[in-house]
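> One file: input10.csv (CSV, C-alpha atoms).
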```csv
chain,number,residue,atom,x,y,z
Z,1,MET,CA,-79.3,-56.3,-174.7
Z,2,ASP,CA,-79.7,-56.8,-170.9
Z,3,LYS,CA,-76.5,-58.7,-170.3
Z,4,PRO,CA,-72.9,-57.4,-170.5
Z,5,LEU,CA,-70.1,-58.8,-172.6
Z,6,ALA,CA,-67.3,-60.6,-170.7
Z,7,ILE,CA,-63.7,-59.5,-171.4
Z,8,SER,CA,-60.8,-61.6,-170.0
Z,9,MET,CA,-57.8,-59.5,-168.9
Z,10,GLY,CA,-55.2,-61.4,-170.9
Z,11,GLU,CA,-51.4,-61.2,-170.2
Z,12,PRO,CA,-50.8,-58.4,-167.7
Z,13,ALA,CA,-47.3,-57.7,-169.1
Z,14,GLY,CA,-48.9,-57.0,-172.5
Z,15,VAL,CA,-51.2,-54.5,-174.1
Z,16,GLY,CA,-54.5,-56.3,-173.6
Z,17,PRO,CA,-55.3,-54.6,-170.2
Z,18,ASP,CA,-54.1,-51.3,-171.6
Z,19,ILE,CA,-56.5,-51.3,-174.5
Z,20,ALA,CA,-59.4,-52.6,-172.5
Z,21,LEU,CA,-58.9,-49.7,-170.1
Z,22,GLN,CA,-58.4,-47.1,-172.8
Z,23,LEU,CA,-61.5,-48.3,-174.6
Z,24,TYR,CA,-63.6,-48.1,-171.4
Z,25,ALA,CA,-62.3,-44.5,-170.9
Z,26,ARG,CA,-63.8,-43.7,-174.4
Z,27,ARG,CA,-67.0,-45.7,-173.8
Z,28,ALA,CA,-69.4,-42.8,-174.5
Z,29,GLU,CA,-67.5,-41.5,-177.6
Z,30,LEU,CA,-67.4,-45.1,-179.1
Z,31,ASN,CA,-70.9,-46.0,-177.9
Z,32,LEU,CA,-69.5,-49.3,-176.5
Z,33,PRO,CA,-71.8,-52.0,-175.3
Z,34,PRO,CA,-71.5,-52.6,-171.5
Z,35,PHE,CA,-68.9,-55.2,-170.5
Z,36,CYS,CA,-67.4,-56.7,-167.4
Z,37,LEU,CA,-63.6,-57.1,-167.2
Z,38,PHE,CA,-62.4,-60.3,-165.6
Z,39,GLY,CA,-59.1,-59.6,-163.9
Z,40,HIS,CA,-57.0,-58.5,-160.9
Z,41,GLY,CA,-58.5,-55.3,-159.5
Z,42,ALA,CA,-55.4,-53.8,-157.9
Z,43,PHE,CA,-53.3,-54.5,-161.0
Z,44,LEU,CA,-55.9,-52.9,-163.3
Z,45,ALA,CA,-56.0,-49.8,-161.1
Z,46,GLU,CA,-52.2,-49.5,-161.1
Z,47,ARG,CA,-52.1,-49.9,-164.9
Z,48,ALA,CA,-54.8,-47.3,-165.4
Z,49,ALA,CA,-52.8,-44.9,-163.2
Z,50,ARG,CA,-49.6,-45.7,-165.3
Z,51,LEU,CA,-51.6,-44.8,-168.4
Z,52,GLY,CA,-52.9,-41.6,-166.9
Z,53,LEU,CA,-56.5,-42.8,-167.1
Z,54,ASP,CA,-59.0,-41.4,-164.5
Z,55,ILE,CA,-61.2,-44.5,-164.2
Z,56,ALA,CA,-63.4,-45.6,-161.3
Z,57,PHE,CA,-63.7,-49.3,-160.7
Z,58,ALA,CA,-66.7,-51.3,-159.5
Z,59,PRO,CA,-65.9,-54.9,-158.2
Z,60,VAL,CA,-69.4,-56.1,-159.0
Z,61,GLY,CA,-69.0,-58.9,-161.5
Z,62,PRO,CA,-71.3,-59.5,-164.4
Z,63,GLU,CA,-74.6,-59.3,-162.4
Z,64,GLY,CA,-74.0,-55.7,-161.5
Z,65,ALA,CA,-72.2,-54.6,-164.7
Z,66,MET,CA,-75.1,-53.1,-166.5
Z,67,ALA,CA,-76.0,-50.7,-163.7
Z,68,ALA,CA,-72.4,-49.8,-163.0
Z,69,PHE,CA,-71.0,-49.4,-166.5
Z,70,ASP,CA,-71.7,-45.7,-167.2
Z,71,SER,CA,-70.0,-44.5,-164.0
Z,72,ALA,CA,-67.4,-47.2,-163.2
Z,73,LEU,CA,-65.7,-50.1,-164.9
Z,74,PRO,CA,-67.3,-53.4,-163.7
Z,75,VAL,CA,-64.6,-55.9,-162.7
Z,76,ALA,CA,-65.1,-59.5,-161.8
Z,77,PRO,CA,-62.2,-59.8,-159.3
Z,78,ILE,CA,-59.7,-62.6,-159.8
Z,79,ASP,CA,-57.5,-63.2,-156.7
Z,80,GLY,CA,-53.7,-63.6,-156.9
Z,81,ILE,CA,-50.5,-61.7,-157.4
Z,82,VAL,CA,-50.1,-59.6,-160.5
Z,83,PRO,CA,-47.2,-57.1,-160.5
Z,84,ASP,CA,-47.5,-54.1,-162.8
Z,85,GLN,CA,-44.4,-54.8,-164.9
Z,86,PRO,CA,-45.0,-54.1,-168.6
Z,87,GLY,CA,-43.1,-56.5,-170.8
Z,88,GLN,CA,-42.0,-58.8,-167.9
Z,89,THR,CA,-44.0,-62.0,-167.6
Z,90,THR,CA,-44.2,-64.0,-164.4
Z,91,PRO,CA,-45.7,-67.4,-163.5
Z,92,LEU,CA,-47.6,-65.7,-160.7
Z,93,SER,CA,-49.6,-63.7,-163.2
Z,94,GLY,CA,-50.1,-66.8,-165.3
Z,95,HIS,CA,-52.3,-68.3,-162.7
Z,96,VAL,CA,-54.5,-65.2,-162.6
Z,97,VAL,CA,-54.7,-65.2,-166.4
Z,98,ILE,CA,-55.9,-68.8,-166.6
Z,99,GLU,CA,-58.5,-68.2,-163.8
Z,100,ALA,CA,-59.7,-65.0,-165.5
Z,101,ILE,CA,-60.4,-67.0,-168.7
Z,102,THR,CA,-62.0,-69.8,-166.8
Z,103,ALA,CA,-64.3,-67.5,-164.9
Z,104,ALA,CA,-65.3,-65.5,-168.0
Z,105,VAL,CA,-66.2,-68.6,-169.9
Z,106,ALA,CA,-68.2,-69.9,-167.0
Z,107,ALA,CA,-70.1,-66.6,-166.7
Z,108,THR,CA,-70.9,-66.7,-170.4
Z,109,LEU,CA,-72.0,-70.3,-170.4
Z,110,ARG,CA,-74.4,-69.7,-167.5
Z,111,GLY,CA,-75.9,-66.7,-169.3
Z,112,SER,CA,-74.6,-63.9,-167.0
Z,113,CYS,CA,-72.6,-62.5,-170.0
Z,114,ARG,CA,-73.8,-62.8,-173.6
Z,115,ALA,CA,-70.4,-63.2,-175.3
Z,116,LEU,CA,-66.7,-63.4,-174.5
Z,117,VAL,CA,-63.9,-61.2,-175.8
Z,118,THR,CA,-60.5,-62.4,-174.9
Z,119,ALA,CA,-57.4,-60.2,-174.6
Z,120,PRO,CA,-54.1,-61.6,-175.9
Z,121,ILE,CA,-52.3,-64.2,-173.8
Z,122,HIS,CA,-48.6,-65.2,-173.8
Z,123,LYS,CA,-48.4,-69.0,-173.9
Z,124,GLY,CA,-44.8,-69.1,-172.7
Z,125,ALA,CA,-45.8,-67.4,-169.5
Z,126,LEU,CA,-48.9,-69.6,-169.1
Z,127,TYR,CA,-46.9,-72.8,-169.6
Z,128,GLN,CA,-44.8,-71.9,-166.6
Z,129,ALA,CA,-48.0,-71.7,-164.6
Z,130,GLY,CA,-49.1,-75.2,-165.7
Z,131,PHE,CA,-51.0,-74.4,-168.9
Z,132,LYS,CA,-51.3,-77.5,-171.1
Z,133,HIS,CA,-53.0,-76.5,-174.3
Z,134,PRO,CA,-51.6,-75.6,-177.7
Z,135,GLY,CA,-53.4,-72.3,-177.6
Z,136,HIS,CA,-56.3,-70.1,-176.5
Z,137,THR,CA,-58.8,-71.8,-178.8
Z,138,GLU,CA,-58.1,-75.3,-177.6
Z,139,PHE,CA,-58.4,-74.2,-173.9
Z,140,LEU,CA,-61.8,-72.5,-174.6
Z,141,ALA,CA,-63.1,-75.7,-176.3
Z,142,GLU,CA,-62.2,-77.7,-173.2
Z,143,LEU,CA,-63.8,-75.2,-170.9
Z,144,CYS,CA,-67.0,-75.2,-173.1
Z,145,ALA,CA,-67.2,-79.0,-173.3
Z,146,GLN,CA,-70.3,-80.2,-171.5
Z,147,GLY,CA,-70.6,-83.8,-170.5
Z,148,GLY,CA,-67.9,-85.3,-172.7
Z,149,ARG,CA,-65.9,-84.7,-175.8
Z,150,PRO,CA,-65.2,-81.1,-176.7
Z,151,LYS,CA,-66.9,-79.6,-179.7
Z,152,LEU,CA,-64.7,-78.9,-182.8
Z,153,PRO,CA,-63.3,-75.4,-182.3
Z,154,VAL,CA,-62.8,-73.5,-185.6
Z,155,MET,CA,-60.6,-70.4,-185.9
Z,156,MET,CA,-61.9,-67.7,-188.2
Z,157,LEU,CA,-60.2,-64.4,-188.9
Z,158,ALA,CA,-62.6,-61.8,-190.1
Z,159,HIS,CA,-62.7,-58.2,-191.4
Z,160,GLY,CA,-66.0,-56.9,-192.8
Z,161,GLY,CA,-67.1,-59.5,-195.4
Z,162,LEU,CA,-63.7,-61.1,-195.7
Z,163,ARG,CA,-63.4,-64.3,-193.6
Z,164,ALA,CA,-60.6,-66.9,-193.6
Z,165,VAL,CA,-60.6,-70.2,-191.7
Z,166,PRO,CA,-57.6,-72.6,-191.4
Z,167,VAL,CA,-58.5,-76.4,-191.1
Z,168,THR,CA,-55.2,-77.1,-189.3
Z,169,ILE,CA,-54.0,-74.5,-186.9
Z,170,HIS,CA,-50.9,-74.5,-184.6
Z,171,VAL,CA,-49.0,-77.4,-186.1
Z,172,PRO,CA,-45.7,-77.7,-188.1
Z,173,ILE,CA,-46.1,-77.3,-191.8
Z,174,ARG,CA,-44.5,-80.7,-192.4
Z,175,ASP,CA,-47.4,-82.3,-190.4
Z,176,VAL,CA,-50.2,-80.7,-192.3
Z,177,PRO,CA,-50.6,-83.3,-195.2
Z,178,GLY,CA,-50.8,-86.1,-192.7
Z,179,LEU,CA,-53.4,-84.3,-190.5
Z,180,LEU,CA,-55.7,-83.4,-193.3
Z,181,SER,CA,-58.6,-85.8,-193.9
Z,182,LYS,CA,-61.8,-85.7,-195.8
Z,183,GLN,CA,-63.8,-85.8,-192.5
Z,184,LEU,CA,-61.9,-83.0,-190.9
Z,185,ILE,CA,-62.5,-80.7,-193.9
Z,186,VAL,CA,-66.2,-81.7,-194.0
Z,187,ASP,CA,-66.6,-81.1,-190.2
Z,188,THR,CA,-64.9,-77.8,-190.4
Z,189,VAL,CA,-67.0,-76.5,-193.3
Z,190,ARG,CA,-70.2,-77.7,-191.5
Z,191,VAL,CA,-69.2,-75.6,-188.4
Z,192,VAL,CA,-68.4,-72.6,-190.6
Z,193,ALA,CA,-71.7,-72.8,-192.5
Z,194,HIS,CA,-73.7,-73.3,-189.3
Z,195,ASP,CA,-72.2,-70.2,-187.5
Z,196,LEU,CA,-72.4,-68.0,-190.6
Z,197,LYS,CA,-76.1,-68.7,-190.6
Z,198,GLN,CA,-76.8,-68.5,-186.8
Z,199,ARG,CA,-74.3,-65.9,-185.7
Z,200,PHE,CA,-73.7,-63.7,-188.8
Z,201,GLY,CA,-77.2,-63.8,-190.3
Z,202,ILE,CA,-76.2,-65.2,-193.7
Z,203,ALA,CA,-79.0,-67.3,-194.9
Z,204,ASN,CA,-77.2,-69.3,-197.7
Z,205,PRO,CA,-73.4,-69.1,-197.0
Z,206,GLN,CA,-71.1,-69.5,-200.0
Z,207,ILE,CA,-67.8,-71.0,-199.0
Z,208,ALA,CA,-64.7,-71.5,-201.0
Z,209,VAL,CA,-62.2,-74.3,-200.2
Z,210,ALA,CA,-58.6,-73.7,-201.0
Z,211,GLY,CA,-56.3,-76.4,-202.3
Z,212,LEU,CA,-53.3,-77.5,-200.3
Z,213,ASN,CA,-50.8,-77.6,-203.1
Z,214,PRO,CA,-49.8,-75.0,-205.7
Z,215,HIS,CA,-52.5,-74.7,-208.4
Z,216,ALA,CA,-54.7,-77.0,-206.3
Z,217,GLY,CA,-52.4,-79.9,-207.3
Z,218,GLU,CA,-53.0,-79.6,-211.1
Z,219,GLY,CA,-55.0,-82.8,-211.2
Z,220,GLY,CA,-52.5,-84.7,-209.1
Z,221,ASN,CA,-49.3,-83.6,-210.9
Z,222,ILE,CA,-48.3,-81.4,-207.9
Z,223,GLY,CA,-49.3,-83.6,-205.0
Z,224,ARG,CA,-52.3,-85.8,-204.7
Z,225,GLU,CA,-53.9,-84.4,-201.6
Z,226,ASP,CA,-56.3,-82.1,-203.4
Z,227,LEU,CA,-57.4,-84.9,-205.7
Z,228,GLU,CA,-57.8,-87.6,-203.0
Z,229,ILE,CA,-58.7,-85.6,-199.8
Z,230,VAL,CA,-59.8,-82.0,-200.5
Z,231,GLY,CA,-61.8,-82.7,-203.7
Z,232,PRO,CA,-63.9,-85.6,-202.2
Z,233,ALA,CA,-64.6,-83.5,-199.1
Z,234,VAL,CA,-66.0,-80.7,-201.4
Z,235,VAL,CA,-68.2,-83.3,-203.3
Z,236,GLN,CA,-69.5,-84.7,-200.0
Z,237,LEU,CA,-70.5,-81.2,-198.8
Z,238,GLN,CA,-72.1,-80.3,-202.1
Z,239,PHE,CA,-74.1,-83.6,-201.9
Z,240,GLU,CA,-75.3,-82.4,-198.4
Z,241,GLY,CA,-76.5,-79.2,-199.9
Z,242,TYR,CA,-73.8,-76.7,-198.8
Z,243,GLY,CA,-72.8,-73.9,-201.1
Z,244,VAL,CA,-69.2,-75.0,-201.4
Z,245,THR,CA,-66.7,-74.5,-204.3
Z,246,GLY,CA,-63.2,-76.0,-204.6
Z,247,PRO,CA,-60.5,-77.0,-204.3
Z,248,LEU,CA,-59.4,-73.6,-205.7
Z,249,PRO,CA,-55.8,-72.4,-206.1
Z,250,ALA,CA,-54.9,-70.3,-203.1
Z,251,ASP,CA,-52.6,-67.9,-205.0
Z,252,THR,CA,-55.6,-66.4,-206.9
Z,253,LEU,CA,-58.5,-67.2,-204.5
Z,254,PHE,CA,-57.4,-64.6,-202.0
Z,255,TYR,CA,-57.2,-61.8,-204.6
Z,256,PRO,CA,-59.8,-59.4,-202.9
Z,257,LEU,CA,-62.2,-59.3,-205.8
Z,258,HIS,CA,-62.3,-63.1,-205.9
Z,259,TRP,CA,-62.4,-63.4,-202.1
Z,260,ALA,CA,-65.3,-61.1,-201.8
Z,261,GLN,CA,-67.5,-63.4,-203.9
Z,262,TYR,CA,-67.6,-65.8,-200.9
Z,263,ASP,CA,-68.8,-65.5,-197.3
Z,264,ALA,CA,-65.7,-67.4,-196.1
Z,265,VAL,CA,-62.6,-69.2,-197.4
Z,266,VAL,CA,-61.6,-72.4,-195.8
Z,267,ALA,CA,-57.8,-72.9,-196.1
Z,268,MET,CA,-55.7,-76.0,-195.3
Z,269,TYR,CA,-53.2,-74.5,-192.9
Z,270,HIS,CA,-52.5,-71.6,-190.6
Z,271,ASP,CA,-50.5,-69.3,-192.7
Z,272,GLN,CA,-52.5,-70.0,-195.9
Z,273,ALA,CA,-55.5,-68.4,-194.1
Z,274,LEU,CA,-53.9,-65.8,-191.9
Z,275,ILE,CA,-51.4,-64.2,-194.2
Z,276,PRO,CA,-54.1,-62.8,-196.6
Z,277,ILE,CA,-56.4,-61.5,-193.8
Z,278,LYS,CA,-53.5,-59.9,-191.9
Z,279,THR,CA,-52.2,-58.3,-195.1
Z,280,VAL,CA,-55.5,-56.5,-195.9
Z,281,ALA,CA,-56.5,-55.8,-192.3
Z,282,PHE,CA,-53.6,-56.1,-189.9
Z,283,GLU,CA,-54.9,-53.7,-187.3
Z,284,GLU,CA,-58.6,-54.4,-187.7
Z,285,ALA,CA,-59.1,-58.1,-188.2
Z,286,VAL,CA,-60.9,-60.1,-185.5
Z,287,ASN,CA,-60.3,-63.7,-184.4
Z,288,VAL,CA,-63.6,-65.5,-183.9
Z,289,THR,CA,-63.9,-69.0,-182.5
Z,290,LEU,CA,-66.7,-71.0,-184.2
Z,291,GLY,CA,-68.2,-74.3,-183.1
Z,292,LEU,CA,-68.5,-73.3,-179.4
Z,293,PRO,CA,-71.8,-72.9,-177.4
Z,294,ILE,CA,-70.7,-69.3,-176.7
Z,295,VAL,CA,-69.7,-66.4,-178.9
Z,296,ARG,CA,-66.0,-65.7,-178.6
Z,297,THR,CA,-64.0,-63.0,-180.3
Z,298,SER,CA,-60.5,-61.7,-179.8
Z,299,PRO,CA,-58.2,-59.0,-181.3
Z,300,ASP,CA,-56.0,-60.3,-184.1
Z,301,HIS,CA,-52.7,-59.3,-182.4
Z,302,GLY,CA,-50.5,-60.5,-179.7
Z,303,THR,CA,-49.2,-59.1,-176.4
Z,304,ALA,CA,-46.9,-56.5,-178.0
Z,305,PHE,CA,-44.7,-56.3,-174.9
Z,306,ASP,CA,-42.7,-53.3,-176.3
Z,307,LEU,CA,-45.9,-51.2,-176.3
Z,308,ALA,CA,-47.3,-52.3,-172.9
Z,309,GLY,CA,-47.7,-49.5,-170.4
Z,310,THR,CA,-47.0,-46.8,-173.0
Z,311,GLY,CA,-50.6,-46.1,-174.2
Z,312,ARG,CA,-49.4,-46.3,-177.9
Z,313,ALA,CA,-51.0,-49.7,-178.8
Z,314,SER,CA,-53.6,-49.5,-181.5
Z,315,PRO,CA,-57.1,-50.2,-180.1
Z,316,LYS,CA,-58.6,-50.9,-183.6
Z,317,SER,CA,-58.7,-54.7,-183.5
Z,318,PHE,CA,-59.8,-54.9,-179.9
Z,319,LEU,CA,-62.6,-52.4,-180.6
Z,320,ALA,CA,-63.6,-54.5,-183.7
Z,321,ALA,CA,-63.7,-57.6,-181.6
Z,322,ILE,CA,-66.1,-56.0,-179.1
Z,323,VAL,CA,-68.3,-54.6,-181.9
Z,324,MET,CA,-68.4,-58.0,-183.6
Z,325,ALA,CA,-69.2,-59.9,-180.4
Z,326,ASP,CA,-72.1,-57.4,-179.9
Z,327,ALA,CA,-73.4,-57.9,-183.4
Z,328,MET,CA,-73.1,-61.7,-183.3
Z,329,THR,CA,-75.2,-62.0,-180.2
Z,330,ALA,CA,-77.8,-59.7,-181.8
Z,331,ASN,CA,-78.0,-62.1,-184.8
Z,332,GLN,CA,-78.6,-65.2,-182.7
```
I need this file expressed as structure tokens, please.

Amino acid sequence: MDKPLAISMGEPAGVGPDIALQLYARRAELNLPPFCLFGHGAFLAERAARLGLDIAFAPVGPEGAMAAFDSALPVAPIDGIVPDQPGQTTPLSGHVVIEAITAAVAATLRGSCRALVTAPIHKGALYQAGFKHPGHTEFLAELCAQGGRPKLPVMMLAHGGLRAVPVTIHVPIRDVPGLLSKQLIVDTVRVVAHDLKQRFGIANPQIAVAGLNPHAGEGGNIGREDLEIVGPAVVQLQFEGYGVTGPLPADTLFYPLHWAQYDAVVAMYHDQALIPIKTVAFEEAVNVTLGLPIVRTSPDHGTAFDLAGTGRASPKSFLAAIVMADAMTANQ
């Protein structure tokens, strides 16, 4: 590959910058693909010193990253004020975080970077800086929108061959039944199937669709959503030629031996999808955004303020996100 990955710095008060720096320090040992870190140069140098890491920095941006990577960490500098205060957020840093994500997306869209890996953000800190999106995924979808309506962004959590996708994401559980529609489920599965083919190299994806209600509604006796919404969506997808099965009871679908029969499971709401994947792979799962014109992955953990600046945060999920982004671009 002749282009680097882009990594956005994430919340400076959290562990994202720590892990990115620690992984770079082990780049040869881990055989990491070259990447460019979008962030505040002075802050990154201070955090490296706090962690006891002897790292040279090269403020070269993505265009110079491939040549610099072996000897110095390529940084696409983002201007602003970022105090090195682990665990203490500030609106000043929030502006830099937003700009780092924006610049990293732009570089990936124009082809200077081949994929984007995002470090964790803290939405509370970003809201103080004027952030107006429900989450990272929705912000990325808007940044990637070209000439009109954003594409449908789809969150997928993945670990090896186990992949889980929620149809509805960051909404109250009481709102889920009203937000579900046949069209939303159909559109979500179409995105999942497309990206499994194009970015994971799976020729004929087999996708399971979980029911919303216990026992997938038991024929309408425990809620009618599975009978009137989920079931018809599955029939429509089967008619279109997709390898889709459902609605299936979620309490048995996620048993690992059953789960492994499918290339992905599409669940109806956030926790229905994320609890199983985090149970089997809490430190190693990867958050992937499907349905975008770029490849985007992220570690499946938050900012972990209590570990920031200590060097004790696990790098496993962040490393897995880098490896997956590298593999996904190879599959395209």
> My list of candidates is Z:Arg114, Z:Arg199, Z:His122, Z:Lys182. Which is closest to Gly87 in chain Z when distances are computed with all atoms listed in the file?
Z:His122
> Hey, which of Z:Met324, Z:Val97, Z:Ala267, Z:Val244 ends up closest to Gly14 in chain Z? Count only C-alpha atoms.
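With only C-alpha atoms as the atom set, the closest residue is Z:Val97.
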> Please identify all polymer residues lying at most 12 Å from the point (-69.8, -56.9, -170.4) (file coordinates), using all atoms listed in the file, and present the result as a VMD selection string.
chain Z and resid 1 to 8 20 24 32 to 38 60 to 70 73 to 76 104 107 to 108 111 to 118 322 to 323 325 to 326
> Enter the distance from CA of Asp306 in chain Z to CA of Leu21 in chain Z, in Å, rounded to one decimal.
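Computing it gives 17.7 Å between the two atoms.
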> Would you mind telling me which residue in Z:Gly135, Z:Asp251, Z:Thr102, Z:Ser181 lies nearest to Glu228 in chain Z when using all atoms listed in the file?
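For Glu228 in chain Z, the nearest of the candidates is Z:Ser181.
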> Could the residues of range 78-117 of chain Z that have an atom at most 8 Å from range 123-127 of chain Z be listed as JSON lines, each with its closest atom pair and the distance in Å to one decimal, counting all atoms listed in the file and ordered by chain and ascending residue number?

```
{"residue": "Z:Thr89", "atom": "CA", "partner": "Z:Ala125", "partner_atom": "CA", "distance": 6.0}
{"residue": "Z:Thr90", "atom": "CA", "partner": "Z:Ala125", "partner_atom": "CA", "distance": 6.3}
{"residue": "Z:Pro91", "atom": "CA", "partner": "Z:Ala125", "partner_atom": "CA", "distance": 6.0}
{"residue": "Z:Gly94", "atom": "CA", "partner": "Z:Leu126", "partner_atom": "CA", "distance": 4.9}
{"residue": "Z:His95", "atom": "CA", "partner": "Z:Leu126", "partner_atom": "CA", "distance": 7.4}
{"residue": "Z:Val97", "atom": "CA", "partner": "Z:Leu126", "partner_atom": "CA", "distance": 7.8}
{"residue": "Z:Ile98", "atom": "CA", "partner": "Z:Leu126", "partner_atom": "CA", "distance": 7.5}
```
> Please produce a file of the residues just selected, as a PDB file, keeping the file's coordinate frame, where the atoms kept are C-alpha atoms.

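Contents of out21.pdb, as written:
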```
ATOM      1  CA  THR Z  89     -44.000 -62.000-167.600  1.00  0.00           C
ATOM      2  CA  THR Z  90     -44.200 -64.000-164.400  1.00  0.00           C
ATOM      3  CA  PRO Z  91     -45.700 -67.400-163.500  1.00  0.00           C
ATOM      4  CA  GLY Z  94     -50.100 -66.800-165.300  1.00  0.00           C
ATOM      5  CA  HIS Z  95     -52.300 -68.300-162.700  1.00  0.00           C
ATOM      6  CA  VAL Z  97     -54.700 -65.200-166.400  1.00  0.00           C
ATOM      7  CA  ILE Z  98     -55.900 -68.800-166.600  1.00  0.00           C
TER       8      ILE Z  98
END
```
> For the point (-67.5, -60.5, -196.2) in file coordinates, what residues are within 9 Å, counting all atoms listed in the file? Give the answer as a compact mmCIF listing (two decimals) with C-alpha atoms, in the coordinates of the input?

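To be explicit, this is the file written out as result_4.txt:
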```txt
# COMPACT_ATOMS: atom_id res chain seq x y z
CA ALA Z 158 -62.60 -61.80 -190.10
CA HIS Z 159 -62.70 -58.20 -191.40
CA GLY Z 160 -66.00 -56.90 -192.80
CA GLY Z 161 -67.10 -59.50 -195.40
CA LEU Z 162 -63.70 -61.10 -195.70
CA ARG Z 163 -63.40 -64.30 -193.60
CA TRP Z 259 -62.40 -63.40 -202.10
CA ALA Z 260 -65.30 -61.10 -201.80
CA GLN Z 261 -67.50 -63.40 -203.90
CA TYR Z 262 -67.60 -65.80 -200.90
CA ASP Z 263 -68.80 -65.50 -197.30
CA ALA Z 264 -65.70 -67.40 -196.10
```
> Pick from Z:Val167, Z:Pro17, Z:Ala129, Z:Thr289: nearest to Asp271 in chain Z, with only C-alpha atoms counted?
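Between Z:Val167, Z:Pro17, Z:Ala129, Z:Thr289, the residue approaching Asp271 in chain Z most closely is Z:Val167.
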> Check the smallest atom-to-atom distance from each of Z:Val266, Z:Val235, Z:Ala58, Z:Ile101 to Val189 in chain Z using all atoms listed in the file, then report the winner.
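Going through Z:Val266, Z:Val235, Z:Ala58, Z:Ile101 one by one, the smallest distance to Val189 in chain Z is for Z:Val266.
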> Let me make sure I understand: among Z:Gly219, Z:Ala145, Z:Tyr269, Z:Leu257, which one has the smallest atom-to-atom distance to Leu179 in chain Z if we use all atoms listed in the file?
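The closest residue to Leu179 in chain Z is Z:Tyr269.
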> Between CA of Ala321 in chain Z and CA of Ala42 in chain Z, measure the distance and give it in Å to one decimal.
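CA of Ala42 in chain Z lies 25.4 Å from CA of Ala321 in chain Z.
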> Report, in Å to a single decimal, how far apart CA of Pro83 in chain Z and CA of Ala304 in chain Z are.
17.5 Å
> For Asn213 in chain Z, work out the shell of residues within 10 Å, counting only C-alpha atoms and skipping chain neighbours fewer than 2 positions away, then give it as a VMD selection string.
chain Z and resid 177 210 to 211 215 to 218 220 to 226 247 to 250 268
> To test the calculation: enclose all listed atoms of range 27-41 of chain Z in a box whose edges run along x, y and z, add 4 Å on each side, then state centre and edge lengths in Å to one decimal, as lines of an AutoDock Vina configuration file.

```
center_x = -64.4
center_y = -50.9
center_z = -169.3
size_x = 22.8
size_y = 26.8
size_z = 27.6
```
> Find the residues around Pro256 in chain Z up to 10 Å (only C-alpha atoms counted), leave out those fewer than 6 positions away in its own chain, and share them as a PyMOL selection string.
chain Z and resi 162+276-277+280
> Need the shell around Asp84 in chain Z: protein/DNA/RNA residues with any atom at most 10 Å away, counting only C-alpha atoms. Skip same-chain ones fewer than 2 positions apart. Format as a ChimeraX atom specification?
/Z:12-13,42-47,50,81-82,86-89,93,309
> Filtering to C-alpha atoms, could you give me those residues as a compact mmCIF listing (two decimals), keeping the file's coordinate frame?

```
# COMPACT_ATOMS: atom_id res chain seq x y z
CA PRO Z 12 -50.80 -58.40 -167.70
CA ALA Z 13 -47.30 -57.70 -169.10
CA ALA Z 42 -55.40 -53.80 -157.90
CA PHE Z 43 -53.30 -54.50 -161.00
CA LEU Z 44 -55.90 -52.90 -163.30
CA ALA Z 45 -56.00 -49.80 -161.10
CA GLU Z 46 -52.20 -49.50 -161.10
CA ARG Z 47 -52.10 -49.90 -164.90
CA ARG Z 50 -49.60 -45.70 -165.30
CA ILE Z 81 -50.50 -61.70 -157.40
CA VAL Z 82 -50.10 -59.60 -160.50
CA PRO Z 86 -45.00 -54.10 -168.60
CA GLY Z 87 -43.10 -56.50 -170.80
CA GLN Z 88 -42.00 -58.80 -167.90
CA THR Z 89 -44.00 -62.00 -167.60
CA SER Z 93 -49.60 -63.70 -163.20
CA GLY Z 309 -47.70 -49.50 -170.40
```
> Report as an MDAnalysis selection string all protein, DNA and RNA residues lying within 8 Å of His301 in chain Z, evaluated on only C-alpha atoms, omitting residues in the same chain fewer than 4 positions from it.
chainID Z and resid 120 283 317
> Restricting it to C-alpha atoms, dump the selection as a PDB file, in the frame of the given file.

```pdb
ATOM      1  CA  PRO Z 120     -54.100 -61.600-175.900  1.00  0.00           C
ATOM      2  CA  GLU Z 283     -54.900 -53.700-187.300  1.00  0.00           C
ATOM      3  CA  SER Z 317     -58.700 -54.700-183.500  1.00  0.00           C
TER       4      SER Z 317
END
```
